[in-house]
$ cat run-v3.txt   # compact mmCIF, C-alpha atoms
# COMPACT_ATOMS: atom_id res chain seq x y z
CA MET E 563 6.55 -10.63 14.19
CA VAL E 564 9.13 -11.52 11.64
CA THR E 565 12.69 -11.53 12.95
CA TYR E 566 15.74 -10.95 10.86
CA GLN E 567 19.06 -12.66 11.46
CA GLY E 568 21.73 -10.67 9.70
CA GLY E 569 20.08 -10.87 6.33
CA GLU E 570 18.30 -7.55 6.52
CA GLN E 571 20.85 -5.47 4.61
CA VAL E 572 20.96 -7.99 1.81
CA GLY E 573 17.19 -8.04 1.71
CA VAL E 574 16.87 -4.27 1.50
CA LEU E 575 19.54 -4.05 -1.17
CA GLY E 576 17.86 -6.84 -3.07
CA ASP E 577 14.55 -5.02 -3.03
CA ALA E 578 16.13 -1.71 -4.07
CA MET E 579 17.98 -3.35 -6.95
CA ARG E 580 14.93 -5.25 -8.08
CA ARG E 581 13.08 -1.96 -8.14
CA ALA E 582 15.91 -0.40 -10.17
CA VAL E 583 15.76 -3.30 -12.64
CA PHE E 584 11.99 -2.93 -12.85
CA GLU E 585 12.34 0.78 -13.56
CA ALA E 586 14.98 0.16 -16.22
CA VAL E 587 12.62 -2.25 -17.97
CA ALA E 588 9.73 0.19 -17.60
CA SER E 589 11.58 2.80 -19.61
CA GLY E 590 11.48 0.62 -22.71
CA PRO E 591 12.47 -2.80 -24.08
CA ARG E 592 15.98 -3.56 -22.82
CA ALA E 593 18.52 -6.35 -22.99
CA VAL E 594 20.15 -7.75 -19.84
CA GLY E 595 23.53 -6.26 -20.77
CA GLU E 596 22.10 -2.76 -21.19
CA ILE E 597 20.49 -2.90 -17.76
CA ALA E 598 23.65 -4.28 -16.14
CA ARG E 599 25.72 -1.41 -17.52
CA GLU E 600 23.49 1.12 -15.77
CA LEU E 601 23.38 -0.59 -12.40
CA PRO E 602 26.09 -1.55 -9.91
CA ILE E 603 25.24 -5.24 -10.18
CA SER E 604 26.38 -8.08 -12.41
CA ARG E 605 24.57 -9.48 -15.44
CA PRO E 606 23.69 -12.70 -13.56
CA ALA E 607 22.18 -10.55 -10.77
CA VAL E 608 20.14 -8.59 -13.31
CA SER E 609 18.99 -11.87 -14.86
CA GLN E 610 17.95 -13.15 -11.44
CA HIS E 611 15.82 -10.06 -10.75
CA LEU E 612 14.31 -10.29 -14.23
CA ARG E 613 13.42 -13.92 -13.63
CA VAL E 614 11.58 -13.01 -10.41
CA LEU E 615 9.77 -10.15 -12.13
CA LYS E 616 8.86 -12.40 -15.03
CA GLU E 617 7.51 -15.13 -12.76
CA ALA E 618 5.38 -12.49 -11.06
CA GLY E 619 3.94 -11.58 -14.44
CA LEU E 620 5.22 -8.02 -14.35
CA VAL E 621 7.88 -8.36 -17.03
CA ARG E 622 7.86 -10.31 -20.29
CA ASP E 623 10.61 -11.04 -22.78
CA GLU E 624 10.81 -11.53 -26.51
CA ARG E 625 13.48 -12.42 -29.01
CA ALA E 626 14.72 -9.69 -31.32
CA GLY E 627 17.19 -11.33 -33.66
CA ASN E 628 19.81 -12.91 -31.43
CA ARG E 629 18.97 -10.71 -28.47
CA ARG E 630 16.37 -11.16 -25.78
CA LEU E 631 14.58 -7.96 -24.80
CA TYR E 632 12.65 -7.41 -21.61
CA GLU E 633 9.67 -5.09 -21.25
CA LEU E 634 6.78 -4.53 -18.85
CA ASP E 635 3.89 -6.95 -19.09
CA PRO E 636 0.87 -4.60 -19.08
CA ALA E 637 -1.54 -7.36 -18.06
CA GLY E 638 0.47 -8.33 -15.00
CA VAL E 639 1.04 -4.74 -13.94
CA SER E 640 -2.65 -3.89 -14.12
CA GLU E 641 -3.54 -7.06 -12.21
CA LEU E 642 -1.25 -6.10 -9.33
CA ARG E 643 -2.61 -2.57 -9.31
CA ALA E 644 -6.21 -3.83 -9.37
CA TYR E 645 -5.50 -6.12 -6.43
CA VAL E 646 -4.30 -3.25 -4.24
CA GLU E 647 -6.93 -0.88 -5.56
CA ARG E 648 -9.73 -3.19 -4.58
CA PHE E 649 -8.53 -3.22 -0.99
CA TRP E 650 -8.37 0.57 -0.73
CA ASN E 651 -11.71 1.05 -2.47
CA LEU E 652 -13.31 -0.81 0.36
CA ALA E 653 -11.21 0.80 3.10
CA LEU E 654 -11.92 4.30 1.82
CA ALA E 655 -15.63 3.54 1.58
CA ALA E 656 -15.55 2.62 5.27
CA PHE E 657 -13.61 5.81 6.04
CA GLN E 658 -16.10 7.94 4.11
CA GLU E 659 -18.96 6.39 6.07
CA ALA E 660 -17.22 7.11 9.40
CA ALA E 661 -16.30 10.70 8.48
CA GLU E 662 -19.83 11.53 7.37
CA ARG E 663 -21.27 9.92 10.48
CA ALA E 664 -18.96 12.08 12.62
CA GLU E 665 -19.97 15.20 10.70
CA ARG E 666 -23.69 14.46 11.14
CA ALA E 667 -23.18 13.82 14.85
CA ALA E 668 -21.38 17.16 15.26
CA SER E 669 -24.02 19.01 13.28
CA GLU E 670 -26.86 17.48 15.29
CA GLY E 671 -25.02 18.35 18.46
CA SER E 672 -24.71 22.02 17.52
CA ASN E 673 -28.33 22.25 16.33
CA GLY E 674 -29.85 20.50 19.30
CA MET K 215 19.17 9.71 -8.14
CA THR K 216 16.77 8.46 -10.76
CA GLN K 217 13.30 9.86 -10.79
CA ARG K 218 10.80 7.25 -9.78
CA THR K 219 8.29 8.06 -12.47
CA THR K 220 7.76 4.44 -13.36
CA GLU K 221 6.82 3.17 -9.95
CA LEU K 222 3.57 1.37 -9.47
CA ALA K 223 0.91 3.25 -7.57
CA VAL K 224 -2.79 3.12 -6.85
CA ARG K 225 -4.53 6.50 -6.77
CA LYS K 226 -8.04 7.06 -5.48
CA GLN K 227 -10.24 10.05 -4.94
CA VAL K 228 -13.31 10.25 -2.74
CA THR K 229 -15.47 13.20 -1.74
CA VAL K 230 -16.82 13.08 1.79
CA GLU K 231 -19.57 15.22 3.26
CA ALA K 232 -17.51 16.31 6.24
CA ALA K 233 -15.38 19.33 7.09
CA GLN K 234 -11.69 19.11 6.18
CA ALA K 235 -10.51 19.05 9.81
CA ARG K 236 -13.08 16.39 10.68
CA ALA K 237 -12.17 14.20 7.72
CA PHE K 238 -8.51 14.44 8.72
CA ALA K 239 -9.31 13.68 12.36
CA VAL K 240 -11.44 10.65 11.51
CA PHE K 241 -8.78 9.26 9.18
CA THR K 242 -5.99 9.65 11.74
CA ASP K 243 -7.19 9.92 15.35
CA GLY K 244 -10.35 7.99 14.50
CA LEU K 245 -8.57 5.19 12.68
CA ALA K 246 -10.17 2.58 14.93
CA SER K 247 -13.64 3.84 14.02
CA TRP K 248 -13.40 2.72 10.42
CA TRP K 249 -10.43 0.41 9.86
CA PRO K 250 -11.83 -3.14 9.74
CA LEU K 251 -9.90 -5.10 12.34
CA GLU K 252 -12.30 -8.00 12.70
CA GLY K 253 -11.91 -9.48 9.27
CA TYR K 254 -8.16 -9.82 9.48
CA HIS K 255 -5.13 -8.81 11.51
CA ILE K 256 -1.46 -8.45 10.81
CA GLY K 257 -0.12 -9.72 14.12
CA ASP K 258 -0.47 -13.29 15.36
CA GLN K 259 -3.40 -12.42 17.62
CA PRO K 260 -6.72 -10.78 16.77
CA ALA K 261 -6.46 -6.98 16.96
CA VAL K 262 -8.92 -5.09 19.13
CA THR K 263 -7.96 -1.56 18.17
CA ALA K 264 -5.76 0.49 15.87
CA ALA K 265 -4.10 3.86 16.36
CA MET K 266 -1.91 6.47 14.73
CA GLU K 267 0.49 8.63 16.73
CA PRO K 268 -0.16 12.28 15.74
CA ARG K 269 3.33 13.37 14.76
CA ALA K 270 6.00 12.80 12.14
CA GLY K 271 7.98 9.77 13.22
CA GLY K 272 5.00 8.33 15.09
CA ARG K 273 3.75 4.80 14.56
CA TRP K 274 0.50 3.45 13.23
CA PHE K 275 -0.29 0.07 14.55
CA GLU K 276 -2.82 -2.46 15.77
CA ARG K 277 -3.16 -3.66 19.35
CA ALA K 278 -4.32 -7.08 20.56
CA ALA K 279 -6.41 -7.79 23.65
CA ASP K 280 -3.29 -8.67 25.67
CA GLY K 281 -1.81 -5.25 24.88
CA SER K 282 0.74 -6.45 22.35
CA GLU K 283 1.17 -4.17 19.38
CA CYS K 284 2.06 -4.75 15.77
CA ASP K 285 3.36 -1.83 13.74
CA TRP K 286 2.07 -1.13 10.24
CA GLY K 287 4.59 1.61 9.58
CA ARG K 288 5.48 5.19 10.46
CA VAL K 289 4.03 8.65 10.07
CA LEU K 290 6.37 10.28 7.54
CA VAL K 291 4.58 13.60 7.07
CA TRP K 292 2.10 15.09 9.56
CA GLU K 293 0.39 18.24 8.28
CA PRO K 294 -3.09 18.53 9.81
CA PRO K 295 -5.66 19.12 8.46
CA SER K 296 -4.45 18.78 4.89
CA ARG K 297 -1.96 15.94 4.48
CA VAL K 298 -0.55 12.80 6.01
CA VAL K 299 2.04 10.43 4.54
CA LEU K 300 2.49 7.00 6.07
CA SER K 301 4.90 4.20 5.44
CA TRP K 302 3.15 0.87 4.97
CA ALA K 303 5.64 -1.78 5.98
CA ILE K 304 3.28 -4.63 5.29
CA ASP K 305 4.20 -7.34 2.88
CA ALA K 306 2.07 -9.03 0.27
CA ASN K 307 0.81 -11.56 2.81
CA PHE K 308 -0.39 -8.85 5.18
CA LYS K 309 2.45 -9.44 7.60
CA ALA K 310 4.68 -6.77 9.06
CA ASP K 311 7.95 -6.56 7.16
CA ALA K 312 10.47 -3.81 7.93
CA THR K 313 12.11 -4.29 4.54
CA VAL K 314 8.95 -3.27 2.69
CA ASP K 315 8.60 0.50 2.45
CA THR K 316 5.56 1.30 0.37
CA GLU K 317 3.99 4.70 1.07
CA VAL K 318 0.45 5.88 1.60
CA GLU K 319 -0.23 9.58 1.05
CA VAL K 320 -3.60 11.13 1.84
CA ARG K 321 -4.47 14.73 1.01
CA PHE K 322 -7.57 16.47 2.34
CA ILE K 323 -8.80 19.37 0.20
CA ALA K 324 -11.65 21.57 1.47
CA GLU K 325 -14.28 22.03 -1.23
CA GLY K 326 -16.87 23.57 1.08
CA PRO K 327 -17.63 24.02 4.79
CA THR K 328 -18.64 20.37 5.07
CA THR K 329 -17.27 18.91 1.86
CA THR K 330 -13.76 17.50 1.52
CA ARG K 331 -12.08 15.88 -1.44
CA VAL K 332 -9.75 13.14 -0.29
CA GLU K 333 -6.94 12.24 -2.65
CA PHE K 334 -5.27 8.96 -1.85
CA GLU K 335 -2.13 7.32 -3.19
CA HIS K 336 -0.43 4.02 -2.30
CA ARG K 337 2.93 3.91 -4.08
CA GLY K 338 5.97 1.65 -4.27
CA LEU K 339 3.85 -1.35 -5.19
CA GLU K 340 6.60 -2.72 -7.42
CA GLN K 341 8.03 -4.10 -4.19
CA TYR K 342 5.20 -6.59 -4.24
CA ALA K 343 6.37 -7.88 -7.60
CA GLU K 344 7.97 -10.98 -6.16
CA ARG K 345 4.79 -11.93 -4.40
CA ALA K 346 2.21 -10.90 -6.96
CA ALA K 347 1.18 -14.42 -7.85
CA GLU K 348 0.95 -15.43 -4.21
CA MET K 349 -1.13 -12.35 -3.42
CA GLN K 350 -3.58 -13.25 -6.13
CA ALA K 351 -3.95 -16.74 -4.70
CA GLN K 352 -4.58 -15.41 -1.22
CA PHE K 353 -6.98 -12.82 -2.52
CA ASP K 354 -9.12 -15.57 -3.96
CA SER K 355 -8.90 -17.93 -0.99
CA GLU K 356 -11.65 -18.48 1.55
CA GLY K 357 -11.08 -16.76 4.88
CA GLY K 358 -8.29 -14.61 3.48
CA TRP K 359 -9.14 -11.51 1.58
CA SER K 360 -12.64 -12.72 0.86
CA ALA K 361 -13.48 -12.37 4.56
CA LEU K 362 -12.20 -8.81 4.53
CA LEU K 363 -14.17 -7.99 1.42
CA ALA K 364 -17.34 -9.35 2.92
CA LEU K 365 -16.83 -7.16 5.98
CA PHE K 366 -16.30 -4.08 3.84
CA ALA K 367 -19.37 -4.89 1.82
CA ASP K 368 -21.39 -5.00 5.04
CA LEU K 369 -19.97 -1.64 6.12
CA ALA K 370 -20.75 -0.09 2.76
CA ARG K 371 -24.37 -1.25 2.96
CA SER K 372 -24.98 -0.15 6.55

$ encode --input "run-v3.txt" --output "structure tokens"
Amino acid sequence: MVTYQGGEQVGVLGDAMRRAVFEAVASGPRAVGEIARELPISRPAVSQHLRVLKEAGLVRDERAGNRRLYELDPAGVSELRAYVERFWNLALAAFQEAAERAERAASEGSNG
Amino acid sequence: MTQRTTELAVRKQVTVEAAQARAFAVFTDGLASWWPLEGYHIGDQPAVTAAMEPRAGGRWFERAADGSECDWGRVLVWEPPSRVVLSWAIDANFKADATVDTEVEVRFIAEGPTTTRVEFEHRGLEQYAERAAEMQAQFDSEGGWSALLALFADLARS
């Protein structure tokens, strides 16, 4: 098991803020300053979260005049979703098999 | 409080030829009968069984041969036979991580005496953003997710 040594609060806050930054970006192309004004964190902190999201392929940026705007990267988002979806496809197929096996067993029991 | 309309989620739907109460029971009480423990495990040791405690606030977890347990998360909503919501505190590397709080919601809708539509949702996936690239690498690696996929494929064929 993973143990935490005092860093847990920071970690949770970090995750929650990264999610907030992600959601801000998801609502449309935004500049760092715009996002920072809406959240209780500094511009450098917003930039740091954006960098992580960009490296993960979930967010992309583009220049608009002298501003840099961030928006969701549809390719990266669908890749992440596909990864998780594939796992559950297989898990649910196994569940379906088990549920139907249990139903057949019960039905045979009551008929026989 | 902002509405989390933009969060990443995977939604699935499957129709099973089983009564609603049975489908619910197999998913929860019968977790060990279908969850593939052999292909992978979250704890350090191989898991021999898995279980879900039948109440809100209960745990769902795997257990190793020596009796040690590794939690996957908590039961958040327990409404038999129609709905269960679970927290999935598992990180992108399939290790327990209390700071990850993705949610799995499963709804069981009776469509007939022995037909149940199962609606499934795993949400909060944006928390995996940081690890997305790493997940992809592991997914493709030998003995990682590929082993799990092979096991599922066998189950699906049987």

$ closest_residue --input "run-v3.txt" --among "E:Met579, E:Ser669, E:Ala661, E:Glu596" --to "chain K" --atoms "all atoms listed in the file"
E:Ala661

$ residues_around --input "run-v3.txt" --residues "Arg599 (chain E)" --least-positions-apart "5" --cutoff "12 Å" --atoms "all atoms listed in the file" --output "PDB file with C-alpha atoms, in the frame of the given file"
ATOM      1  CA  VAL E 583      15.760  -3.300 -12.640  1.00  0.00           C
ATOM      2  CA  ALA E 586      14.980   0.160 -16.220  1.00  0.00           C
ATOM      3  CA  ARG E 592      15.980  -3.560 -22.820  1.00  0.00           C
ATOM      4  CA  ALA E 593      18.520  -6.350 -22.990  1.00  0.00           C
ATOM      5  CA  VAL E 594      20.150  -7.750 -19.840  1.00  0.00           C
ATOM      6  CA  SER E 604      26.380  -8.080 -12.410  1.00  0.00           C
ATOM      7  CA  ARG E 605      24.570  -9.480 -15.440  1.00  0.00           C
ATOM      8  CA  ALA E 607      22.180 -10.550 -10.770  1.00  0.00           C
ATOM      9  CA  VAL E 608      20.140  -8.590 -13.310  1.00  0.00           C
TER      10      VAL E 608
END

$ atom_distance --input "run-v3.txt" --atom1 "CA of Val299 (chain K)" --atom2 "CA of Ser282 (chain K)"
24.6 Å

$ axis_aligned_box --input "run-v3.txt" --around "region 661-670 of chain E" --padding-each-side "3 Å" --output "JSON"
{"center_x": -21.6, "center_y": 14.5, "center_z": 11.3, "size_x": 16.6, "size_y": 15.1, "size_z": 13.9}

$ residues_near_point --input "run-v3.txt" --point "(-0.1, -5.1, 17.2)" --cutoff "10 Å" --atoms "all atoms listed in the file" --output "list of chain:residue names"
E:Met563, K:His255, K:Ile256, K:Gly257, K:Asp258, K:Gln259, K:Pro260, K:Ala261, K:Val262, K:Thr263, K:Ala264, K:Ala265, K:Trp274, K:Phe275, K:Glu276, K:Arg277, K:Ala278, K:Ala279, K:Asp280, K:Gly281, K:Ser282, K:Glu283, K:Cys284, K:Asp285, K:Trp286, K:Ala310

$ write_last_selection --input "run-v3.txt" --atoms "C-alpha atoms" --output "PDB file, in the coordinates of the input"
ATOM      1  CA  MET E 563       6.550 -10.630  14.190  1.00  0.00           C
TER       2      MET E 563
ATOM      3  CA  HIS K 255      -5.130  -8.810  11.510  1.00  0.00           C
ATOM      4  CA  ILE K 256      -1.460  -8.450  10.810  1.00  0.00           C
ATOM      5  CA  GLY K 257      -0.120  -9.720  14.120  1.00  0.00           C
ATOM      6  CA  ASP K 258      -0.470 -13.290  15.360  1.00  0.00           C
ATOM      7  CA  GLN K 259      -3.400 -12.420  17.620  1.00  0.00           C
ATOM      8  CA  PRO K 260      -6.720 -10.780  16.770  1.00  0.00           C
ATOM      9  CA  ALA K 261      -6.460  -6.980  16.960  1.00  0.00           C
ATOM     10  CA  VAL K 262      -8.920  -5.090  19.130  1.00  0.00           C
ATOM     11  CA  THR K 263      -7.960  -1.560  18.170  1.00  0.00           C
ATOM     12  CA  ALA K 264      -5.760   0.490  15.870  1.00  0.00           C
ATOM     13  CA  ALA K 265      -4.100   3.860  16.360  1.00  0.00           C
ATOM     14  CA  TRP K 274       0.500   3.450  13.230  1.00  0.00           C
ATOM     15  CA  PHE K 275      -0.290   0.070  14.550  1.00  0.00           C
ATOM     16  CA  GLU K 276      -2.820  -2.460  15.770  1.00  0.00           C
ATOM     17  CA  ARG K 277      -3.160  -3.660  19.350  1.00  0.00           C
ATOM     18  CA  ALA K 278      -4.320  -7.080  20.560  1.00  0.00           C
ATOM     19  CA  ALA K 279      -6.410  -7.790  23.650  1.00  0.00           C
ATOM     20  CA  ASP K 280      -3.290  -8.670  25.670  1.00  0.00           C
ATOM     21  CA  GLY K 281      -1.810  -5.250  24.880  1.00  0.00           C
ATOM     22  CA  SER K 282       0.740  -6.450  22.350  1.00  0.00           C
ATOM     23  CA  GLU K 283       1.170  -4.170  19.380  1.00  0.00           C
ATOM     24  CA  CYS K 284       2.060  -4.750  15.770  1.00  0.00           C
ATOM     25  CA  ASP K 285       3.360  -1.830  13.740  1.00  0.00           C
ATOM     26  CA  TRP K 286       2.070  -1.130  10.240  1.00  0.00           C
ATOM     27  CA  ALA K 310       4.680  -6.770   9.060  1.00  0.00           C
TER      28      ALA K 310
END

$ interface_residues --input "run-v3.txt" --of "chain E" --to "chain K" --cutoff "7 Å" --atoms "all atoms listed in the file" --output "PyMOL selection string"
chain E and resi 563-564+573-574+577+581+585+588+614-615+618+620+642-643+647+652-653+655-658+660-662+665

$ atom_distance --input "run-v3.txt" --atom1 "CA of Gly326 (chain K)" --atom2 "CA of Asn651 (chain E)"
23.4 Å

$ residues_near_point --input "run-v3.txt" --point "(9.5, 4.1, 12.3)" --cutoff "8 Å" --atoms "only C-alpha atoms" --output "PyMOL selection string"
chain K and resi 271-273+287-289

$ build_atoms --input "run-v3.txt" --residues "region 277-308 of chain K" --atoms "N, CA and C atoms" --output "PDB file, in the coordinates of the input"
ATOM      1  N   ARG K 277      -3.425  -3.170  18.007  1.00  0.00           N
ATOM      2  CA  ARG K 277      -3.160  -3.660  19.350  1.00  0.00           C
ATOM      3  C   ARG K 277      -4.098  -4.829  19.646  1.00  0.00           C
ATOM      4  N   ALA K 278      -3.534  -5.888  20.201  1.00  0.00           N
ATOM      5  CA  ALA K 278      -4.320  -7.080  20.560  1.00  0.00           C
ATOM      6  C   ALA K 278      -4.866  -6.933  21.971  1.00  0.00           C
ATOM      7  N   ALA K 279      -5.757  -7.854  22.338  1.00  0.00           N
ATOM      8  CA  ALA K 279      -6.410  -7.790  23.650  1.00  0.00           C
ATOM      9  C   ALA K 279      -5.395  -7.851  24.796  1.00  0.00           C
ATOM     10  N   ASP K 280      -4.293  -8.555  24.600  1.00  0.00           N
ATOM     11  CA  ASP K 280      -3.290  -8.670  25.670  1.00  0.00           C
ATOM     12  C   ASP K 280      -2.343  -7.464  25.708  1.00  0.00           C
ATOM     13  N   GLY K 281      -2.621  -6.463  24.853  1.00  0.00           N
ATOM     14  CA  GLY K 281      -1.810  -5.250  24.880  1.00  0.00           C
ATOM     15  C   GLY K 281      -0.638  -5.257  23.913  1.00  0.00           C
ATOM     16  N   SER K 282      -0.379  -6.405  23.304  1.00  0.00           N
ATOM     17  CA  SER K 282       0.740  -6.450  22.350  1.00  0.00           C
ATOM     18  C   SER K 282       0.393  -5.662  21.096  1.00  0.00           C
ATOM     19  N   GLU K 283       1.398  -5.035  20.524  1.00  0.00           N
ATOM     20  CA  GLU K 283       1.170  -4.170  19.380  1.00  0.00           C
ATOM     21  C   GLU K 283       1.954  -4.651  18.167  1.00  0.00           C
ATOM     22  N   CYS K 284       1.399  -4.388  17.006  1.00  0.00           N
ATOM     23  CA  CYS K 284       2.060  -4.750  15.770  1.00  0.00           C
ATOM     24  C   CYS K 284       2.069  -3.534  14.853  1.00  0.00           C
ATOM     25  N   ASP K 285       3.252  -3.043  14.554  1.00  0.00           N
ATOM     26  CA  ASP K 285       3.360  -1.830  13.740  1.00  0.00           C
ATOM     27  C   ASP K 285       3.001  -2.080  12.279  1.00  0.00           C
ATOM     28  N   TRP K 286       2.329  -1.096  11.688  1.00  0.00           N
ATOM     29  CA  TRP K 286       2.070  -1.130  10.240  1.00  0.00           C
ATOM     30  C   TRP K 286       3.106  -0.296   9.512  1.00  0.00           C
ATOM     31  N   GLY K 287       3.629   0.708  10.211  1.00  0.00           N
ATOM     32  CA  GLY K 287       4.590   1.610   9.580  1.00  0.00           C
ATOM     33  C   GLY K 287       4.718   2.866  10.416  1.00  0.00           C
ATOM     34  N   ARG K 288       5.211   3.929   9.776  1.00  0.00           N
ATOM     35  CA  ARG K 288       5.480   5.190  10.460  1.00  0.00           C
ATOM     36  C   ARG K 288       4.731   6.344   9.822  1.00  0.00           C
ATOM     37  N   VAL K 289       4.535   7.395  10.614  1.00  0.00           N
ATOM     38  CA  VAL K 289       4.030   8.650  10.070  1.00  0.00           C
ATOM     39  C   VAL K 289       5.235   9.394   9.496  1.00  0.00           C
ATOM     40  N   LEU K 290       5.235   9.622   8.196  1.00  0.00           N
ATOM     41  CA  LEU K 290       6.370  10.280   7.540  1.00  0.00           C
ATOM     42  C   LEU K 290       6.156  11.788   7.447  1.00  0.00           C
ATOM     43  N   VAL K 291       4.929  12.183   7.159  1.00  0.00           N
ATOM     44  CA  VAL K 291       4.580  13.600   7.070  1.00  0.00           C
ATOM     45  C   VAL K 291       3.284  13.813   7.848  1.00  0.00           C
ATOM     46  N   TRP K 292       3.281  14.809   8.732  1.00  0.00           N
ATOM     47  CA  TRP K 292       2.100  15.090   9.560  1.00  0.00           C
ATOM     48  C   TRP K 292       1.761  16.565   9.390  1.00  0.00           C
ATOM     49  N   GLU K 293       0.764  16.859   8.564  1.00  0.00           N
ATOM     50  CA  GLU K 293       0.390  18.240   8.280  1.00  0.00           C
ATOM     51  C   GLU K 293      -1.121  18.416   8.418  1.00  0.00           C
ATOM     52  N   PRO K 294      -1.648  18.375   9.646  1.00  0.00           N
ATOM     53  CA  PRO K 294      -3.090  18.530   9.810  1.00  0.00           C
ATOM     54  C   PRO K 294      -3.520  19.942   9.427  1.00  0.00           C
ATOM     55  N   PRO K 295      -4.670  20.159   8.814  1.00  0.00           N
ATOM     56  CA  PRO K 295      -5.660  19.120   8.460  1.00  0.00           C
ATOM     57  C   PRO K 295      -5.607  18.740   7.001  1.00  0.00           C
ATOM     58  N   SER K 296      -4.442  18.916   6.356  1.00  0.00           N
ATOM     59  CA  SER K 296      -4.450  18.780   4.890  1.00  0.00           C
ATOM     60  C   SER K 296      -3.708  17.556   4.345  1.00  0.00           C
ATOM     61  N   ARG K 297      -2.778  16.981   5.107  1.00  0.00           N
ATOM     62  CA  ARG K 297      -1.960  15.940   4.480  1.00  0.00           C
ATOM     63  C   ARG K 297      -1.303  15.038   5.502  1.00  0.00           C
ATOM     64  N   VAL K 298      -1.303  13.759   5.195  1.00  0.00           N
ATOM     65  CA  VAL K 298      -0.550  12.800   6.010  1.00  0.00           C
ATOM     66  C   VAL K 298       0.092  11.788   5.067  1.00  0.00           C
ATOM     67  N   VAL K 299       1.354  11.458   5.326  1.00  0.00           N
ATOM     68  CA  VAL K 299       2.040  10.430   4.540  1.00  0.00           C
ATOM     69  C   VAL K 299       2.510   9.358   5.521  1.00  0.00           C
ATOM     70  N   LEU K 300       2.205   8.126   5.182  1.00  0.00           N
ATOM     71  CA  LEU K 300       2.490   7.000   6.070  1.00  0.00           C
ATOM     72  C   LEU K 300       3.333   5.966   5.342  1.00  0.00           C
ATOM     73  N   SER K 301       4.255   5.356   6.048  1.00  0.00           N
ATOM     74  CA  SER K 301       4.900   4.200   5.440  1.00  0.00           C
ATOM     75  C   SER K 301       4.044   2.976   5.768  1.00  0.00           C
ATOM     76  N   TRP K 302       3.997   2.077   4.842  1.00  0.00           N
ATOM     77  CA  TRP K 302       3.150   0.870   4.970  1.00  0.00           C
ATOM     78  C   TRP K 302       4.090  -0.314   4.829  1.00  0.00           C
ATOM     79  N   ALA K 303       4.629  -0.723   5.973  1.00  0.00           N
ATOM     80  CA  ALA K 303       5.640  -1.780   5.980  1.00  0.00           C
ATOM     81  C   ALA K 303       4.972  -3.138   6.146  1.00  0.00           C
ATOM     82  N   ILE K 304       4.044  -3.395   5.243  1.00  0.00           N
ATOM     83  CA  ILE K 304       3.280  -4.630   5.290  1.00  0.00           C
ATOM     84  C   ILE K 304       3.534  -5.368   3.997  1.00  0.00           C
ATOM     85  N   ASP K 305       3.859  -6.632   4.099  1.00  0.00           N
ATOM     86  CA  ASP K 305       4.200  -7.340   2.880  1.00  0.00           C
ATOM     87  C   ASP K 305       2.945  -7.870   2.177  1.00  0.00           C
ATOM     88  N   ALA K 306       3.177  -8.592   1.109  1.00  0.00           N
ATOM     89  CA  ALA K 306       2.070  -9.030   0.270  1.00  0.00           C
ATOM     90  C   ALA K 306       1.165 -10.042   0.965  1.00  0.00           C
ATOM     91  N   ASN K 307       1.630 -10.602   2.064  1.00  0.00           N
ATOM     92  CA  ASN K 307       0.810 -11.560   2.810  1.00  0.00           C
ATOM     93  C   ASN K 307       0.156 -10.921   4.026  1.00  0.00           C
ATOM     94  N   PHE K 308       0.160  -9.598   4.054  1.00  0.00           N
ATOM     95  CA  PHE K 308      -0.390  -8.850   5.180  1.00  0.00           C
ATOM     96  C   PHE K 308       0.304  -9.198   6.486  1.00  0.00           C
TER      97      PHE K 308
END
